[in-house]
Amino acid sequence: MINRITLFTVLAAAALIMAGCEQGGKEQAPDLNFSGEGASLLSSGISADAAGGDWNIAFTSATDWSVSFSETKALSSWLVVTPPAGTGGQVDAVITVLPNTTTGSRSAQLSFVSGTITKTISISQGGRSTVAIKSVVLNETSVDFYPGETFQLVASVLPSNADGSLAVEWSSSNNGVVTVTDGLLTAVGEGSATVTAAAGSVKATCSVTVLHKAVPVTGVSLDRTELTLETGATAQLTATVTPAGADDSTPVWTSSDPSVATVSETGLVTAKAVGTATITVTAGGKSASCTVTVTTSYVAVESITLSATALDLKVGAEAQLTATVNPSNATENTLVWESSDPKVASVSGGLVKANAAGSATIKVSAGGKSATCTVTVSHNGNGGENLDDSISVNPW
């Protein structure tokens, strides 16, 4: 038992002597000594995905130590080391790789520095997967409005973090019906159209209907409110509907007593029998009327006779012609007088006046019939001959 103890003591002493000799003949241990996972990371580095993560690292430093990065923005943008610096001794540090919100990859060199010793870890991180636009959603899929009105369409591109341009392009299938600017619809004319919102190749549509805007009739008027006709006669009534372009603006004509007076679909009134009737025109719920009085039957002029068919007058003389309308009860019995040459003979109310030598025809008309009288005017023989008349001189 004593021999074993003695032997152990001798061996231990020998080991201490050898260790002291070895330490005296070689360099001291490195200032940074990584162990466990830390030693593995020094050789393999950190490869992180877009989500990032935490990596624990243990090392021993104989002196003060600190951390540096090859990428100047790495520390603030996507890499964190806790703690970032310290004094000598056993250290448990955490390397944090923050999530990568872009689709691009990134990398950096992370170095632990202690005195003249530097230990470097390579760190790389992949970018996130590309997020495609899945849909475009409109606040309305159908819009009905009237000409001149507007409506705001709002488009949402989903998901909101999709890659690529999220700008929406708008278009209308018929600008004559509806126009669109940044989603603002403007109704132009009646009809239907499709408005499309597109983000890339993804689209959404809205069906647009521009409705007819009713224009009510505000009034109807007639060019005459009273009318007197003889049986068999006709007269045209004209209706005005306001405003122009109103709906239901087609006039509808009616007579209160068609046996007295009828009216056509265009407003032509025909007198049928003696009496009174009211002609009414209606459009869009508004109306106007004309009172029609029908008197005795229309009597046509058969002939006109004159008190003389020929007259011989001296210059300056006058003669009265009398016209008789046959029959005497003819409707249109107003006489119209005229002369073929008023310079020779003029006429007014049947009174003929001789103005100059020559011949003229006096005509009287009524109801489409007429009668004539030939008037011959000669010099009066008292030296007052018309100087405009030609004078024949016989040289013999």
# chains A, B, ... in the order shown; residues from 1 in each chain; ligands from 1
>>> residues_around(residues="Tyr146 (chain A)", least_positions_apart="3", cutoff="6 Å", atoms="only C-alpha atoms", output="MDAnalysis selection string")
chainID A and resid 149 210:211
>>> write_last_selection(atoms="N, CA and C atoms", output="mmCIF file, in the first residue's frame")
data_model
loop_
_atom_site.group_PDB
_atom_site.id
_atom_site.type_symbol
_atom_site.label_atom_id
_atom_site.label_comp_id
_atom_site.auth_asym_id
_atom_site.auth_seq_id
_atom_site.Cartn_x
_atom_site.Cartn_y
_atom_site.Cartn_z
ATOM 1 N N GLU A 149 -73.626 61.071 -63.950
ATOM 2 C CA GLU A 149 -73.274 60.702 -62.580
ATOM 3 C C GLU A 149 -71.902 60.026 -62.545
ATOM 4 N N VAL A 210 -75.531 52.092 -67.692
ATOM 5 C CA VAL A 210 -75.961 53.490 -67.632
ATOM 6 C C VAL A 210 -77.429 53.525 -68.051
ATOM 7 N N LEU A 211 -78.274 53.886 -67.110
ATOM 8 C CA LEU A 211 -79.716 53.819 -67.290
ATOM 9 C C LEU A 211 -80.263 55.049 -68.014
#
>>> residues_around(residues="region 200-202 of chain A", least_positions_apart="3", cutoff="8 Å", atoms="only C-alpha atoms", output="list of chain:residue names")
A:Ile133, A:Lys134, A:Ser135, A:Val136, A:Ser165, A:Leu166
>>> write_last_selection(atoms="N, CA and C atoms", output="short mmCIF file (atom, residue, chain, number, x, y, z; two decimals), in the first residue's frame")
data_model
loop_
_atom_site.label_atom_id
_atom_site.label_comp_id
_atom_site.auth_asym_id
_atom_site.auth_seq_id
_atom_site.Cartn_x
_atom_site.Cartn_y
_atom_site.Cartn_z
N ILE A 133 -49.08 37.87 -57.03
CA ILE A 133 -50.40 38.47 -56.88
C ILE A 133 -51.44 37.39 -57.13
N LYS A 134 -52.32 37.21 -56.15
CA LYS A 134 -53.34 36.17 -56.28
C LYS A 134 -54.67 36.68 -56.82
N SER A 135 -55.03 37.91 -56.45
CA SER A 135 -56.34 38.40 -56.89
C SER A 135 -56.39 39.91 -56.81
N VAL A 136 -57.34 40.47 -57.57
CA VAL A 136 -57.70 41.88 -57.48
C VAL A 136 -59.18 41.92 -57.09
N SER A 165 -45.20 44.97 -59.41
CA SER A 165 -45.96 46.21 -59.31
C SER A 165 -47.40 45.93 -58.85
N LEU A 166 -47.82 46.67 -57.82
CA LEU A 166 -49.19 46.55 -57.33
C LEU A 166 -50.08 47.64 -57.92
#
>>> atom_distance(atom1="CA of Ala39 (chain A)", atom2="CA of Asn100 (chain A)")
26.1 Å
>>> closest_residue(among="A:Val252, A:Ala246, A:Ala300, A:Cys290", to="Gly232 (chain A)", atoms="only C-alpha atoms")
A:Ala300
>>> residues_around(residues="Ile46 (chain A)", least_positions_apart="4", cutoff="9 Å", atoms="only C-alpha atoms", output="list in words")
Leu41, Leu42, Trp55, Ile121, Ser122, Ile123, Ser124 and Gln125 of chain A
>>> select_by_dssp(residues="region 25-261 of chain A", states="alpha helix (DSSP H)", output="PyMOL selection string")
chain A and resi 25+37-44+74-77
>>> write_last_selection(atoms="N, CA and C atoms", output="PDB file, in the first residue's frame")
ATOM      1  N   GLY A  25       8.882  26.082 -22.488  1.00  0.00           N
ATOM      2  CA  GLY A  25       9.522  25.989 -23.797  1.00  0.00           C
ATOM      3  C   GLY A  25       8.607  26.285 -24.959  1.00  0.00           C
ATOM      4  N   GLU A  37     -20.251  23.708 -30.068  1.00  0.00           N
ATOM      5  CA  GLU A  37     -20.896  24.206 -31.279  1.00  0.00           C
ATOM      6  C   GLU A  37     -20.122  25.367 -31.887  1.00  0.00           C
ATOM      7  N   GLY A  38     -19.499  26.172 -31.022  1.00  0.00           N
ATOM      8  CA  GLY A  38     -18.731  27.300 -31.524  1.00  0.00           C
ATOM      9  C   GLY A  38     -17.608  26.871 -32.436  1.00  0.00           C
ATOM     10  N   ALA A  39     -16.880  25.805 -32.060  1.00  0.00           N
ATOM     11  CA  ALA A  39     -15.784  25.322 -32.889  1.00  0.00           C
ATOM     12  C   ALA A  39     -16.298  24.834 -34.238  1.00  0.00           C
ATOM     13  N   SER A  40     -17.474  24.224 -34.233  1.00  0.00           N
ATOM     14  CA  SER A  40     -18.073  23.732 -35.489  1.00  0.00           C
ATOM     15  C   SER A  40     -18.475  24.881 -36.405  1.00  0.00           C
ATOM     16  N   LEU A  41     -19.028  25.943 -35.790  1.00  0.00           N
ATOM     17  CA  LEU A  41     -19.472  27.076 -36.606  1.00  0.00           C
ATOM     18  C   LEU A  41     -18.294  27.789 -37.256  1.00  0.00           C
ATOM     19  N   LEU A  42     -17.130  27.787 -36.595  1.00  0.00           N
ATOM     20  CA  LEU A  42     -15.961  28.437 -37.173  1.00  0.00           C
ATOM     21  C   LEU A  42     -15.573  27.811 -38.506  1.00  0.00           C
ATOM     22  N   SER A  43     -15.762  26.505 -38.603  1.00  0.00           N
ATOM     23  CA  SER A  43     -15.364  25.813 -39.837  1.00  0.00           C
ATOM     24  C   SER A  43     -16.486  25.773 -40.884  1.00  0.00           C
ATOM     25  N   SER A  44     -17.725  25.591 -40.424  1.00  0.00           N
ATOM     26  CA  SER A  44     -18.828  25.429 -41.391  1.00  0.00           C
ATOM     27  C   SER A  44     -19.598  26.714 -41.649  1.00  0.00           C
ATOM     28  N   ALA A  74     -24.462  45.263 -41.611  1.00  0.00           N
ATOM     29  CA  ALA A  74     -25.005  43.987 -41.152  1.00  0.00           C
ATOM     30  C   ALA A  74     -25.489  44.056 -39.718  1.00  0.00           C
ATOM     31  N   LEU A  75     -24.700  44.722 -38.874  1.00  0.00           N
ATOM     32  CA  LEU A  75     -25.039  44.742 -37.454  1.00  0.00           C
ATOM     33  C   LEU A  75     -26.396  45.384 -37.200  1.00  0.00           C
ATOM     34  N   SER A  76     -26.685  46.435 -37.935  1.00  0.00           N
ATOM     35  CA  SER A  76     -27.943  47.139 -37.692  1.00  0.00           C
ATOM     36  C   SER A  76     -29.092  46.588 -38.515  1.00  0.00           C
ATOM     37  N   SER A  77     -28.784  45.940 -39.624  1.00  0.00           N
ATOM     38  CA  SER A  77     -29.862  45.531 -40.508  1.00  0.00           C
ATOM     39  C   SER A  77     -30.296  44.077 -40.343  1.00  0.00           C
TER      40      SER A  77
END
